[in-house]
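*Asks:* I have a structure I would like to understand better, so I am pasting it below and will then ask my questions one at a time.
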Amino acid sequence: MPLPLYLLAMAVFAMGTSEFMLAGLLPDIASDLDVTVGTAGVLTSAFAIGMIIGAPFVAALARDWPRRASLLGFVLVFAAAHAVGTVTTSFPILFATRIVAALANAGFLAVALTAAVTLVPPDRKGRALAVLLSGTTVATIAGVPGGSVLGTVLGWRATFWAVAALCLPAAFGILKGIPAGRDEDEATGRPALRAELAQLTRPQLILVMLLGALVNAATFGSLTFLAPVVTDSAGLGELWISVALVLFGAGSFVGVTVAGRLSDRRPGPVIAVGGPLLLIGWPALAMLANEPVALFILVFVQGALSFALGSTLITRVLYEAAGAPTMAGSYATAALNVGAAVGPLIAAATLSTEARDLGPLWASGLLVAVALLIAFPFLTAITARRSTEVLR
């Protein structure tokens with residue numbers, strides 16, 4: 001894999017850390033800015049909504065810009081938003097910085113997903129995507145727990161400063177590693193924006209975006225409420241929450257890496273085998289949550305299966321959207337973040353049921369079941385290779 005891919009992944013690591021780090025910082029933020037924890041929680045929603053809306057909007061805005069300029073600009077805006085967030089004493093201003101950061105993140109990821117597949121041969125899109133998404137999985141392994149520790153020791157503002165600082169080497173890497181100017185395809189012509197948006201009327205593209213959103217909703221629904229499963233259902237101390245999160249992140253890294261080698265050439269087996277295993281895993285985790293050893297093993301396995309299946313489906317989005325060379329990344333980003341926003345809402349609704357802390361795990365199983373019921377009648381169509389259509 002070319003070096004620029006890893007430079008893009010570094011930026012994705014910083015942005016992934018920012019997206020998920022608030023889970024451990026909300027009480028500190030609420031106390032410092034004199035708001036309730038519930039009010040501070042809207043910072044998470046603001047980021048997710050900004051990602052969903054921002055992906056297609058910002059990608060359309062930046063489609064006429066050279067890719068290096070776009071990527072560099074998004075990283076610097078993202079860093080600036082965190083710098084402003086660290087010095088403000090106003091919750092509305094902090095809220096605004098999260099929206100700006102989300103828009104920058106969405107724009108960066110949309111352009112980076114498109115740029116990544118242009119750096120490799122047409123039949124290696126899945127591996128390129130795996131490298132790029134490894135930044136997110138490493139964020140869940142190291143960035144989020146590290147940010148939580150830093151916030152505990154030095155306060156939440158130190159974590160925001162750290163994320164801003166992480167953007168600087170990523171910006172330097174983009175400046176040095178991504179070619180300047182426009183790509184050859186941009187010089188010779190590309191589809192009009194209307195033609196690229198028209199790709200969203202294609203049933204197969206809508207189908208794989210829906211499946212990706214459902215699987216990601218299951219993933220983030222359970223991940224968001226994993227802490228009470230560890231402390232209440234398993235009866236473990238708060239320290240073990242970080243252990244569970246690291247195991248889930250390690251599993252996700254393994255899943256993305258393995259799927260990256262299969263999703264281009266053999267996506268069918270990943271979906272046909274990984275899907276049912278993921279479906280079994282969520283209720284199994286719910287039923288064995290009171291057994292710590294089984295809990296941690298299944299957390300690792302579910303992390304691997306969730307990201308293997310999810311990244312494979314997102315790769316299929318890039319294949320199906322090959323007719324939208326500048327917008328395909330935004331479609332994949334939107335699908336990911338619709339799931340990330342909707343999943344926790346569905347999971348939260350189950351907490352007041354008889355299932356209580358285990359409700360999100362059962363909800364995740366139901367979401368995966370719905371995805372598989374939709375997917376299997378169309379499996380051949382979903383996994384059909386489109387090697388003659390290349391994102392450029």
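In the structure tokens, chains take letters A, B, ... by order of appearance, with residues numbered from 1 within each chain and ligands from 1 in the order shown.
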Would you mind listing what lies within 9 Å of Gly274 of chain A as a list in words, with only C-alpha atoms counted and same-chain residues fewer than 2 positions away left out?
*Replies:*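 My reading of the contact set: Pro269, Val270, Ile271, Ala272, Pro276, Leu277, Leu278, Leu279, Leu305, Ser306, Ala308 and Leu309 of chain A.
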*Asks:* Using only C-alpha atoms, which of the listed residues (A:Met21, A:Leu193, A:Ala355, A:Ala14) sits closest to Arg157 of chain A?
*Replies:*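 Going through A:Met21, A:Leu193, A:Ala355, A:Ala14 one by one, the smallest distance to Arg157 of chain A is for A:Met21.
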*Asks:* When you draw a straight line from atom CA of Pro92 of chain A to atom CA of Phe47 of chain A, how long is it in Å?
*Replies:*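 Rounded to one decimal, the two atoms are 13.6 Å apart.
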*Asks:* Tell me which protein, DNA and RNA residues are within 10 Å of Ser90 of chain A, counting only C-alpha atoms, leaving out same-chain ones fewer than 5 positions away, and put them as a list in words.
*Replies:*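 Close residues of Ser90 of chain A: Asp32, Leu33, Asp34, Gly85 and Phe95 of chain A.
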*Asks:* Could you state the separation of atom CA of Val87 of chain A and atom CA of Ala165 of chain A in Å, given to one decimal place?
*Replies:*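 Spanning atom CA of Val87 of chain A to atom CA of Ala165 of chain A is a straight-line distance of 14.6 Å.
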*Asks:* Using only C-alpha atoms for the distances, tell me which of A:Phe253, A:Phe376, A:Phe296, A:Tyr319 is nearest to Ala130 of chain A.
*Replies:*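 With only C-alpha atoms as the atom set, the closest residue is A:Phe253.
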*Asks:* Quick one: everything within 12 Å of Gly235 of chain A, counting only C-alpha atoms, minus sequence neighbours fewer than 4 positions away in the same chain. Send it as a list in words.
*Replies:*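 What passes the distance filter is Ala227, Pro228, Val229, Val230, Thr231, Leu239, Trp240, Ile241, Ala289, Asn290, Glu291, Pro292 and Leu295 of chain A.
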*Asks:* Give me a file of those residues, with N, CA and C atoms, as a compact mmCIF listing (two decimals), in the first residue's frame.
*Replies:*
```txt
# COMPACT_ATOMS: atom_id res chain seq x y z
N ALA A 227 -20.49 0.15 28.57
CA ALA A 227 -20.01 0.39 29.94
C ALA A 227 -20.93 -0.22 31.01
N PRO A 228 -22.26 0.03 30.98
CA PRO A 228 -23.11 -0.57 32.02
C PRO A 228 -23.18 -2.09 31.93
N VAL A 229 -22.96 -2.66 30.76
CA VAL A 229 -22.90 -4.12 30.65
C VAL A 229 -21.73 -4.65 31.45
N VAL A 230 -20.60 -3.95 31.37
CA VAL A 230 -19.39 -4.37 32.08
C VAL A 230 -19.54 -4.19 33.59
N THR A 231 -20.06 -3.04 34.00
CA THR A 231 -20.11 -2.75 35.43
C THR A 231 -21.32 -3.37 36.14
N LEU A 239 -12.61 0.24 35.88
CA LEU A 239 -11.38 0.05 35.13
C LEU A 239 -11.57 -0.92 33.98
N TRP A 240 -12.45 -1.89 34.16
CA TRP A 240 -12.64 -2.92 33.14
C TRP A 240 -13.39 -2.40 31.92
N ILE A 241 -14.01 -1.22 32.04
CA ILE A 241 -14.66 -0.63 30.87
C ILE A 241 -13.63 -0.34 29.79
N ALA A 289 -23.36 -12.18 29.43
CA ALA A 289 -22.74 -10.95 29.93
C ALA A 289 -22.34 -11.03 31.39
N ASN A 290 -22.96 -11.94 32.14
CA ASN A 290 -22.60 -12.07 33.56
C ASN A 290 -21.38 -12.94 33.78
N GLU A 291 -20.80 -13.46 32.71
CA GLU A 291 -19.57 -14.25 32.78
C GLU A 291 -18.43 -13.42 32.20
N PRO A 292 -17.57 -12.84 33.02
CA PRO A 292 -16.56 -11.90 32.52
C PRO A 292 -15.68 -12.45 31.39
N LEU A 295 -17.69 -12.65 28.31
CA LEU A 295 -17.99 -11.28 27.90
C LEU A 295 -16.84 -10.69 27.09
```
*Asks:* To one decimal place in Å, what is the distance between atom CA of Gly281 of chain A and atom CA of Leu372 of chain A?
*Replies:*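 For atom CA of Gly281 of chain A relative to atom CA of Leu372 of chain A, the distance reads 14.0 Å.
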*Asks:* Neighbours of Ala332 of chain A within 10 Å (only C-alpha atoms; same-chain residues fewer than 3 positions away dropped), as JSON, numbers by chain?
*Replies:* {"A": [55, 56, 109, 110, 113, 114, 205, 208, 209, 212, 213, 311, 313, 314, 315, 316, 317, 318, 321, 327, 328, 329, 335, 336, 337]}
*Asks:* Just the residues within 10 Å of Leu168 of chain A, please, counting only C-alpha atoms, with nothing from its chain fewer than 3 positions along; format it as a list in words.
*Replies:*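 Contacts, with the query itself left out: Ala11, Ala14, Leu72, Val75, Leu76, Ala79, Val163, Ala164, Ala165, Ala171, Phe172, Gly173 and Ile174 of chain A.
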*Asks:* I need the chosen residues saved as a tab-separated table (two decimals), in the first residue's frame, with all heavy atoms.
*Replies:*
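To be explicit, this is the file written out as out28.tsv:
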```tsv
chain	number	residue	atom	x	y	z
A	11	ALA	N	-4.74	11.00	9.88
A	11	ALA	CA	-5.77	12.02	10.10
A	11	ALA	C	-7.08	11.39	10.55
A	11	ALA	O	-7.78	11.92	11.42
A	11	ALA	CB	-5.98	12.83	8.83
A	14	ALA	N	-6.96	10.76	14.26
A	14	ALA	CA	-7.24	11.94	15.08
A	14	ALA	C	-8.73	12.25	15.10
A	14	ALA	O	-9.31	12.55	16.16
A	14	ALA	CB	-6.46	13.14	14.54
A	72	LEU	N	-6.07	18.97	3.06
A	72	LEU	CA	-5.31	19.82	3.97
A	72	LEU	C	-6.22	20.84	4.64
A	72	LEU	O	-6.13	21.07	5.86
A	72	LEU	CB	-4.19	20.53	3.19
A	72	LEU	CG	-3.24	21.40	4.01
A	72	LEU	CD1	-2.49	20.55	5.03
A	72	LEU	CD2	-2.24	22.10	3.08
A	75	VAL	N	-8.40	19.19	7.39
A	75	VAL	CA	-7.63	18.84	8.60
A	75	VAL	C	-7.35	20.09	9.42
A	75	VAL	O	-7.47	20.08	10.66
A	75	VAL	CB	-6.32	18.14	8.21
A	75	VAL	CG1	-5.38	18.06	9.41
A	75	VAL	CG2	-6.60	16.74	7.71
A	76	LEU	N	-6.98	21.19	8.77
A	76	LEU	CA	-6.66	22.41	9.50
A	76	LEU	C	-7.90	23.02	10.15
A	76	LEU	O	-7.83	23.54	11.28
A	76	LEU	CB	-5.99	23.42	8.56
A	76	LEU	CG	-4.60	23.00	8.05
A	76	LEU	CD1	-4.05	24.06	7.10
A	76	LEU	CD2	-3.63	22.77	9.21
A	79	ALA	N	-8.62	20.94	13.21
A	79	ALA	CA	-7.71	21.28	14.31
A	79	ALA	C	-8.11	22.62	14.94
A	79	ALA	O	-8.11	22.77	16.18
A	79	ALA	CB	-6.28	21.34	13.81
A	163	VAL	N	-5.97	16.27	20.48
A	163	VAL	CA	-6.54	15.97	19.17
A	163	VAL	C	-6.09	17.01	18.15
A	163	VAL	O	-5.73	16.67	17.01
A	163	VAL	CB	-8.08	15.92	19.25
A	163	VAL	CG1	-8.69	15.86	17.86
A	163	VAL	CG2	-8.52	14.70	20.06
A	164	ALA	N	-6.10	18.29	18.55
A	164	ALA	CA	-5.64	19.34	17.63
A	164	ALA	C	-4.18	19.12	17.26
A	164	ALA	O	-3.80	19.29	16.08
A	164	ALA	CB	-5.83	20.71	18.29
A	165	ALA	N	-3.36	18.73	18.23
A	165	ALA	CA	-1.94	18.50	17.96
A	165	ALA	C	-1.73	17.32	17.02
A	165	ALA	O	-0.84	17.34	16.16
A	165	ALA	CB	-1.19	18.26	19.27
A	171	ALA	N	-1.43	16.81	8.73
A	171	ALA	CA	-1.46	17.87	7.72
A	171	ALA	C	-0.13	17.93	6.96
A	171	ALA	O	-0.10	18.07	5.73
A	171	ALA	CB	-1.75	19.22	8.38
A	172	PHE	N	0.96	17.81	7.69
A	172	PHE	CA	2.28	17.81	7.04
A	172	PHE	C	2.42	16.62	6.10
A	172	PHE	O	2.94	16.75	4.99
A	172	PHE	CB	3.38	17.78	8.11
A	172	PHE	CG	4.77	17.78	7.54
A	172	PHE	CD1	5.34	18.95	7.08
A	172	PHE	CD2	5.50	16.60	7.45
A	172	PHE	CE1	6.62	18.96	6.54
A	172	PHE	CE2	6.78	16.60	6.92
A	172	PHE	CZ	7.34	17.79	6.47
A	173	GLY	N	1.93	15.45	6.54
A	173	GLY	CA	2.00	14.26	5.71
A	173	GLY	C	1.20	14.41	4.43
A	173	GLY	O	1.63	13.98	3.35
A	174	ILE	N	0.01	15.01	4.55
A	174	ILE	CA	-0.83	15.24	3.36
A	174	ILE	C	-0.12	16.19	2.40
A	174	ILE	O	-0.10	15.99	1.19
A	174	ILE	CB	-2.19	15.80	3.78
A	174	ILE	CG1	-3.00	14.73	4.51
A	174	ILE	CG2	-2.97	16.32	2.57
A	174	ILE	CD1	-4.22	15.26	5.22
```
